[in-house]
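Shown next: data-v4.cif, given as mmCIF, C-alpha atoms.
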```cif
data_coords
#
loop_
_atom_site.label_atom_id
_atom_site.label_comp_id
_atom_site.auth_asym_id
_atom_site.auth_seq_id
_atom_site.Cartn_x
_atom_site.Cartn_y
_atom_site.Cartn_z
CA MET K 1 0.00 0.00 0.00
CA LEU K 2 1.20 3.46 -0.87
CA CYS K 3 -0.64 6.58 0.30
CA GLN K 4 0.05 10.28 0.38
CA ILE K 5 0.64 11.84 3.78
CA PRO K 6 0.60 15.51 4.79
CA GLU K 7 3.19 17.51 2.88
CA ILE K 8 6.60 17.51 4.58
CA ALA K 9 7.55 20.71 2.75
CA LYS K 10 6.50 22.64 -0.32
CA GLY K 11 7.78 20.89 -3.43
CA VAL K 12 8.36 17.54 -1.67
CA ILE K 13 6.19 14.53 -2.51
CA SER K 14 5.37 12.85 0.81
CA VAL K 15 4.14 9.24 0.89
CA PHE K 16 3.77 6.35 3.34
CA ALA K 17 4.54 2.76 2.30
CA SER K 18 3.48 -0.48 3.95
CA GLY K 19 2.96 -4.08 2.92
CA ARG K 20 3.50 -5.11 -0.69
CA LEU K 21 3.52 -2.27 -3.23
CA THR K 22 1.86 -2.80 -6.60
CA ALA K 23 1.91 -1.34 -10.10
CA VAL K 24 -1.53 0.12 -9.31
CA ASP K 25 -0.01 1.99 -6.33
CA TYR K 26 2.64 3.34 -8.66
CA ARG K 27 0.27 4.33 -11.48
CA THR K 28 -2.45 5.87 -9.32
CA LYS K 29 -0.46 7.50 -6.51
CA LEU K 30 3.24 7.96 -7.21
CA GLN K 31 3.32 8.56 -10.96
CA PRO K 32 0.72 11.40 -10.94
CA ALA K 33 2.44 13.05 -7.96
CA ILE K 34 5.82 12.91 -9.74
CA LYS K 35 4.35 14.37 -12.92
CA SER K 36 2.64 17.16 -10.98
CA SER K 37 5.80 17.96 -9.02
CA ARG K 38 7.88 18.18 -12.18
CA GLU K 39 5.28 20.49 -13.81
CA ASN K 40 4.64 22.69 -10.76
CA TRP K 41 8.05 22.85 -9.11
CA GLY K 42 10.52 21.81 -11.81
CA GLN K 43 11.92 19.14 -9.50
CA VAL K 44 11.12 15.75 -8.01
CA CYS K 45 11.98 15.38 -4.33
CA LEU K 46 10.50 12.29 -2.65
CA TYR K 47 10.01 11.62 1.06
CA ILE K 48 8.97 7.99 1.62
CA GLU K 49 8.17 6.90 5.15
CA ALA K 50 7.72 3.16 5.70
CA ASP K 51 6.70 0.92 8.53
CA VAL K 52 8.29 -2.43 9.42
CA LEU K 53 5.55 -4.23 7.45
CA LEU K 54 6.97 -3.00 4.12
CA GLU K 55 7.65 -6.07 1.96
CA GLY K 56 8.72 -4.36 -1.25
CA TRP K 57 7.23 -4.47 -4.75
CA GLU K 58 4.86 -7.15 -5.98
CA ALA K 59 7.01 -9.36 -8.25
CA ARG K 60 4.79 -9.01 -11.33
CA SER K 61 5.04 -5.20 -11.05
CA LEU K 62 8.75 -5.54 -11.78
CA SER K 63 8.37 -8.04 -14.60
CA GLY K 64 10.23 -5.93 -17.14
CA ASP K 65 7.05 -4.85 -18.88
CA GLY K 66 7.67 -1.28 -17.81
CA GLU K 67 4.93 -1.19 -15.20
CA VAL K 68 7.08 0.34 -12.46
CA GLN K 69 9.84 2.62 -13.68
CA LEU K 70 10.83 5.36 -11.29
CA PRO K 71 11.61 8.42 -13.41
CA ALA K 72 14.56 10.69 -12.79
CA PHE K 73 14.38 12.43 -9.45
CA ASP K 74 16.44 15.11 -7.76
CA ALA K 75 16.41 13.68 -4.24
CA LEU K 76 14.77 10.75 -2.47
CA VAL K 77 14.80 9.94 1.22
CA PHE K 78 13.47 6.75 2.82
CA VAL K 79 12.55 6.91 6.49
CA GLY K 80 12.05 3.80 8.59
CA GLY K 81 10.97 0.46 7.22
CA PRO K 82 12.50 -2.93 7.91
CA ASP K 83 16.29 -3.26 8.25
CA TRP K 84 16.75 -4.29 4.61
CA VAL K 85 15.52 -0.88 3.37
CA GLY K 86 18.61 0.92 4.62
CA ASN K 87 20.85 -1.66 2.96
CA ALA K 88 18.90 -1.46 -0.30
CA VAL K 89 19.24 2.33 -0.38
CA LYS K 90 23.00 2.07 0.19
CA LEU K 91 23.28 -0.43 -2.67
CA LEU K 92 21.08 1.62 -4.99
CA GLY K 93 22.80 4.96 -4.33
CA PRO K 94 25.64 4.71 -6.88
CA PHE K 95 23.22 3.66 -9.63
CA VAL K 96 20.80 6.60 -9.51
CA ALA K 97 21.27 10.11 -10.83
CA GLY K 98 19.57 11.89 -7.93
CA GLU K 99 20.64 12.05 -4.31
CA ILE K 100 19.32 9.24 -2.14
CA ALA K 101 19.42 8.61 1.61
CA TRP K 102 17.92 6.45 4.34
CA PHE K 103 17.22 7.37 7.96
CA PRO K 104 15.78 5.22 10.75
CA LEU K 105 12.38 6.36 11.98
CA SER K 106 14.01 7.64 15.18
CA GLN K 107 15.81 10.22 12.97
CA LYS K 108 12.71 11.39 11.08
CA GLN K 109 13.44 15.07 11.74
CA ALA K 110 16.94 14.72 10.28
CA ALA K 111 15.41 13.09 7.18
CA VAL K 112 12.97 16.00 6.79
CA GLN K 113 15.85 18.46 7.07
CA TRP K 114 17.89 16.44 4.52
CA ILE K 115 15.15 16.50 1.87
CA CYS K 116 14.25 20.15 2.54
CA LYS K 117 17.87 21.20 1.93
CA ARG K 118 17.72 19.54 -1.50
CA SER K 119 14.44 21.13 -2.55
CA THR K 120 14.76 24.27 -4.64
CA VAL K 121 11.25 25.41 -3.66
CA ALA K 122 11.23 28.06 -0.95
#
```
Step by step, read the file and then write its structure as structure tokens.
Amino acid sequence: MLCQIPEIAKGVISVFASGRLTAVDYRTKLQPAIKSSRENWGQVCLYIEADVLLEGWEARSLSGDGEVQLPAFDALVFVGGPDWVGNAVKLLGPFVAGEIAWFPLSQKQAAVQWICKRSTVA
């Protein structure tokens, strides 16, 4: 499940993730928010907060058919989630064009500050 949460800061897409994410989550929630952010703010900064129940993407969503393809972003921060999320972000970091970081839920305020510093929207 993916749902929008109250805006962390102007120009930052703020979502909450739990359970198994699907292509429908991507198409109906994340993709429109990314398109709107690019059009309205000229940037894509993502704040994704997760609980320990996050399992990842549904396998068929990542089948290579192009269902889930995260477009270019300027900055992305994951907050919380199970232990593997932090490791996945560290592994993914060198392979993405935008800045990416992970913070444990106990450091949520530091994560908010991190993404706000990367947003060009005042």
Using all atoms listed in the file, the best pick from K:Ser106, K:Ser119, K:Ser14, K:Asn87 as closest to Ala33 of chain K would be K:Ser14
Enter the distance from atom CA of Gly93 of chain K to atom CA of Val24 of chain K, in Å, rounded to one decimal.
25.3 Å
Which residue out of K:Tyr26, K:Trp57, K:Phe95, K:Phe16 has the minimum interatomic distance to Val79 of chain K when all atoms listed in the file are used?
K:Phe16
Take the PyMOL selection byres ((chain K and resi 76) around 12), run it mentally on this structure, and tell me the resulting residues as a VMD selection string.
chain K and resid 12 to 15 34 43 to 49 70 to 75 77 to 79 89 92 to 93 96 to 103 111 to 112 114 to 119
Give me a file of those residues, with C-alpha atoms, as a PDB file, keeping the file's coordinate frame.
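That gives us selection.pdb:
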```pdb
ATOM      1  CA  VAL K  12       8.360  17.540  -1.670  1.00  0.00           C
ATOM      2  CA  ILE K  13       6.190  14.530  -2.510  1.00  0.00           C
ATOM      3  CA  SER K  14       5.370  12.850   0.810  1.00  0.00           C
ATOM      4  CA  VAL K  15       4.140   9.240   0.890  1.00  0.00           C
ATOM      5  CA  ILE K  34       5.820  12.910  -9.740  1.00  0.00           C
ATOM      6  CA  GLN K  43      11.920  19.140  -9.500  1.00  0.00           C
ATOM      7  CA  VAL K  44      11.120  15.750  -8.010  1.00  0.00           C
ATOM      8  CA  CYS K  45      11.980  15.380  -4.330  1.00  0.00           C
ATOM      9  CA  LEU K  46      10.500  12.290  -2.650  1.00  0.00           C
ATOM     10  CA  TYR K  47      10.010  11.620   1.060  1.00  0.00           C
ATOM     11  CA  ILE K  48       8.970   7.990   1.620  1.00  0.00           C
ATOM     12  CA  GLU K  49       8.170   6.900   5.150  1.00  0.00           C
ATOM     13  CA  LEU K  70      10.830   5.360 -11.290  1.00  0.00           C
ATOM     14  CA  PRO K  71      11.610   8.420 -13.410  1.00  0.00           C
ATOM     15  CA  ALA K  72      14.560  10.690 -12.790  1.00  0.00           C
ATOM     16  CA  PHE K  73      14.380  12.430  -9.450  1.00  0.00           C
ATOM     17  CA  ASP K  74      16.440  15.110  -7.760  1.00  0.00           C
ATOM     18  CA  ALA K  75      16.410  13.680  -4.240  1.00  0.00           C
ATOM     19  CA  VAL K  77      14.800   9.940   1.220  1.00  0.00           C
ATOM     20  CA  PHE K  78      13.470   6.750   2.820  1.00  0.00           C
ATOM     21  CA  VAL K  79      12.550   6.910   6.490  1.00  0.00           C
ATOM     22  CA  VAL K  89      19.240   2.330  -0.380  1.00  0.00           C
ATOM     23  CA  LEU K  92      21.080   1.620  -4.990  1.00  0.00           C
ATOM     24  CA  GLY K  93      22.800   4.960  -4.330  1.00  0.00           C
ATOM     25  CA  VAL K  96      20.800   6.600  -9.510  1.00  0.00           C
ATOM     26  CA  ALA K  97      21.270  10.110 -10.830  1.00  0.00           C
ATOM     27  CA  GLY K  98      19.570  11.890  -7.930  1.00  0.00           C
ATOM     28  CA  GLU K  99      20.640  12.050  -4.310  1.00  0.00           C
ATOM     29  CA  ILE K 100      19.320   9.240  -2.140  1.00  0.00           C
ATOM     30  CA  ALA K 101      19.420   8.610   1.610  1.00  0.00           C
ATOM     31  CA  TRP K 102      17.920   6.450   4.340  1.00  0.00           C
ATOM     32  CA  PHE K 103      17.220   7.370   7.960  1.00  0.00           C
ATOM     33  CA  ALA K 111      15.410  13.090   7.180  1.00  0.00           C
ATOM     34  CA  VAL K 112      12.970  16.000   6.790  1.00  0.00           C
ATOM     35  CA  TRP K 114      17.890  16.440   4.520  1.00  0.00           C
ATOM     36  CA  ILE K 115      15.150  16.500   1.870  1.00  0.00           C
ATOM     37  CA  CYS K 116      14.250  20.150   2.540  1.00  0.00           C
ATOM     38  CA  LYS K 117      17.870  21.200   1.930  1.00  0.00           C
ATOM     39  CA  ARG K 118      17.720  19.540  -1.500  1.00  0.00           C
ATOM     40  CA  SER K 119      14.440  21.130  -2.550  1.00  0.00           C
TER      41      SER K 119
END
```
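Going from atom CA of Val52 of chain K over to atom CA of Gly80 of chain K, you cover 7.3 Å.
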One decimal, Å: what's the distance from atom CA of Asp51 of chain K over to atom CA of Ala88 of chain K, could you say?
15.2 Å
Determine the axis-aligned bounding box of all atoms of segment 27-41 of chain K present in the file, pad each side by 4 Å, and express its centre and edge lengths in Å to one decimal place as AutoDock Vina command-line options.
```
--center_x 2.8 --center_y 13.6 --center_z -10.2 --size_x 18.5 --size_y 26.5 --size_z 15.3
```
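The nearest approach to Ser18 of chain K among the residues K:Leu105, K:Val121, K:Ala50, K:Cys3, with only C-alpha atoms taken into account, belongs to K:Ala50.
Among the candidate residues K:Gly42, K:Gly56, K:Gly11, K:Pro6, the one lying nearest to Ala23 of chain K is K:Gly56, with distances computed using only C-alpha atoms.
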Return the single residue from K:Val85, K:Leu2, K:Ala17, K:Ala9 that is closest to Gln31 of chain K, with distances computed using all atoms listed in the file.
K:Leu2
Since the input is missing atoms for segment 80-101 of chain K, could you rebuild it with N, CA, C and O atoms and give the result as a PDB file, in the frame of the given file?
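The resulting file, selection_16.pdb, is reproduced below:
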```
ATOM      1  N   GLY K  80      12.599   4.973   7.936  1.00  0.00           N
ATOM      2  CA  GLY K  80      12.050   3.800   8.590  1.00  0.00           C
ATOM      3  C   GLY K  80      12.050   2.576   7.711  1.00  0.00           C
ATOM      4  O   GLY K  80      12.894   2.412   6.833  1.00  0.00           O
ATOM      5  N   GLY K  81      11.069   1.707   7.946  1.00  0.00           N
ATOM      6  CA  GLY K  81      10.970   0.460   7.220  1.00  0.00           C
ATOM      7  C   GLY K  81      11.765  -0.637   7.908  1.00  0.00           C
ATOM      8  O   GLY K  81      12.459  -0.402   8.900  1.00  0.00           O
ATOM      9  N   PRO K  82      11.697  -1.844   7.363  1.00  0.00           N
ATOM     10  CA  PRO K  82      12.500  -2.930   7.910  1.00  0.00           C
ATOM     11  C   PRO K  82      13.990  -2.691   7.682  1.00  0.00           C
ATOM     12  O   PRO K  82      14.369  -1.832   6.876  1.00  0.00           O
ATOM     13  N   ASP K  83      14.833  -3.449   8.344  1.00  0.00           N
ATOM     14  CA  ASP K  83      16.290  -3.260   8.250  1.00  0.00           C
ATOM     15  C   ASP K  83      16.815  -3.302   6.819  1.00  0.00           C
ATOM     16  O   ASP K  83      17.743  -2.581   6.478  1.00  0.00           O
ATOM     17  N   TRP K  84      16.229  -4.135   5.971  1.00  0.00           N
ATOM     18  CA  TRP K  84      16.750  -4.290   4.610  1.00  0.00           C
ATOM     19  C   TRP K  84      16.619  -3.009   3.787  1.00  0.00           C
ATOM     20  O   TRP K  84      17.347  -2.822   2.818  1.00  0.00           O
ATOM     21  N   VAL K  85      15.710  -2.110   4.153  1.00  0.00           N
ATOM     22  CA  VAL K  85      15.520  -0.880   3.370  1.00  0.00           C
ATOM     23  C   VAL K  85      16.784  -0.034   3.378  1.00  0.00           C
ATOM     24  O   VAL K  85      17.223   0.454   2.338  1.00  0.00           O
ATOM     25  N   GLY K  86      17.381   0.138   4.541  1.00  0.00           N
ATOM     26  CA  GLY K  86      18.610   0.920   4.620  1.00  0.00           C
ATOM     27  C   GLY K  86      19.716   0.325   3.761  1.00  0.00           C
ATOM     28  O   GLY K  86      20.434   1.046   3.059  1.00  0.00           O
ATOM     29  N   ASN K  87      19.845  -1.001   3.788  1.00  0.00           N
ATOM     30  CA  ASN K  87      20.850  -1.660   2.960  1.00  0.00           C
ATOM     31  C   ASN K  87      20.552  -1.505   1.476  1.00  0.00           C
ATOM     32  O   ASN K  87      21.459  -1.280   0.667  1.00  0.00           O
ATOM     33  N   ALA K  88      19.291  -1.607   1.103  1.00  0.00           N
ATOM     34  CA  ALA K  88      18.900  -1.460  -0.300  1.00  0.00           C
ATOM     35  C   ALA K  88      19.210  -0.056  -0.808  1.00  0.00           C
ATOM     36  O   ALA K  88      19.706   0.125  -1.924  1.00  0.00           O
ATOM     37  N   VAL K  89      18.956   0.947   0.015  1.00  0.00           N
ATOM     38  CA  VAL K  89      19.240   2.330  -0.380  1.00  0.00           C
ATOM     39  C   VAL K  89      20.741   2.525  -0.567  1.00  0.00           C
ATOM     40  O   VAL K  89      21.179   3.155  -1.537  1.00  0.00           O
ATOM     41  N   LYS K  90      21.540   1.957   0.318  1.00  0.00           N
ATOM     42  CA  LYS K  90      23.000   2.070   0.190  1.00  0.00           C
ATOM     43  C   LYS K  90      23.486   1.396  -1.090  1.00  0.00           C
ATOM     44  O   LYS K  90      24.384   1.901  -1.763  1.00  0.00           O
ATOM     45  N   LEU K  91      22.897   0.264  -1.433  1.00  0.00           N
ATOM     46  CA  LEU K  91      23.280  -0.430  -2.670  1.00  0.00           C
ATOM     47  C   LEU K  91      22.822   0.321  -3.910  1.00  0.00           C
ATOM     48  O   LEU K  91      23.521   0.355  -4.911  1.00  0.00           O
ATOM     49  N   LEU K  92      21.658   0.922  -3.848  1.00  0.00           N
ATOM     50  CA  LEU K  92      21.080   1.620  -4.990  1.00  0.00           C
ATOM     51  C   LEU K  92      21.753   2.955  -5.261  1.00  0.00           C
ATOM     52  O   LEU K  92      21.861   3.384  -6.411  1.00  0.00           O
ATOM     53  N   GLY K  93      22.233   3.612  -4.233  1.00  0.00           N
ATOM     54  CA  GLY K  93      22.800   4.960  -4.330  1.00  0.00           C
ATOM     55  C   GLY K  93      23.695   5.234  -5.519  1.00  0.00           C
ATOM     56  O   GLY K  93      23.467   6.187  -6.260  1.00  0.00           O
ATOM     57  N   PRO K  94      24.722   4.430  -5.772  1.00  0.00           N
ATOM     58  CA  PRO K  94      25.640   4.710  -6.880  1.00  0.00           C
ATOM     59  C   PRO K  94      25.005   4.563  -8.270  1.00  0.00           C
ATOM     60  O   PRO K  94      25.562   5.006  -9.259  1.00  0.00           O
ATOM     61  N   PHE K  95      23.825   3.947  -8.331  1.00  0.00           N
ATOM     62  CA  PHE K  95      23.220   3.660  -9.630  1.00  0.00           C
ATOM     63  C   PHE K  95      22.099   4.625 -10.011  1.00  0.00           C
ATOM     64  O   PHE K  95      21.458   4.435 -11.041  1.00  0.00           O
ATOM     65  N   VAL K  96      21.854   5.636  -9.201  1.00  0.00           N
ATOM     66  CA  VAL K  96      20.800   6.600  -9.510  1.00  0.00           C
ATOM     67  C   VAL K  96      21.414   7.984  -9.702  1.00  0.00           C
ATOM     68  O   VAL K  96      22.443   8.312  -9.113  1.00  0.00           O
ATOM     69  N   ALA K  97      20.755   8.779 -10.529  1.00  0.00           N
ATOM     70  CA  ALA K  97      21.270  10.110 -10.830  1.00  0.00           C
ATOM     71  C   ALA K  97      21.009  11.105  -9.697  1.00  0.00           C
ATOM     72  O   ALA K  97      21.814  11.988  -9.440  1.00  0.00           O
ATOM     73  N   GLY K  98      19.892  10.964  -9.009  1.00  0.00           N
ATOM     74  CA  GLY K  98      19.570  11.890  -7.930  1.00  0.00           C
ATOM     75  C   GLY K  98      20.214  11.479  -6.617  1.00  0.00           C
ATOM     76  O   GLY K  98      20.776  10.392  -6.491  1.00  0.00           O
ATOM     77  N   GLU K  99      20.122  12.363  -5.642  1.00  0.00           N
ATOM     78  CA  GLU K  99      20.640  12.050  -4.310  1.00  0.00           C
ATOM     79  C   GLU K  99      19.655  11.133  -3.596  1.00  0.00           C
ATOM     80  O   GLU K  99      18.438  11.289  -3.739  1.00  0.00           O
ATOM     81  N   ILE K 100      20.174  10.188  -2.841  1.00  0.00           N
ATOM     82  CA  ILE K 100      19.320   9.240  -2.140  1.00  0.00           C
ATOM     83  C   ILE K 100      19.890   8.979  -0.751  1.00  0.00           C
ATOM     84  O   ILE K 100      21.105   8.949  -0.579  1.00  0.00           O
ATOM     85  N   ALA K 101      18.978   8.840   0.232  1.00  0.00           N
ATOM     86  CA  ALA K 101      19.420   8.610   1.610  1.00  0.00           C
ATOM     87  C   ALA K 101      18.375   7.782   2.351  1.00  0.00           C
ATOM     88  O   ALA K 101      17.215   7.706   1.937  1.00  0.00           O
TER      89      ALA K 101
END
```
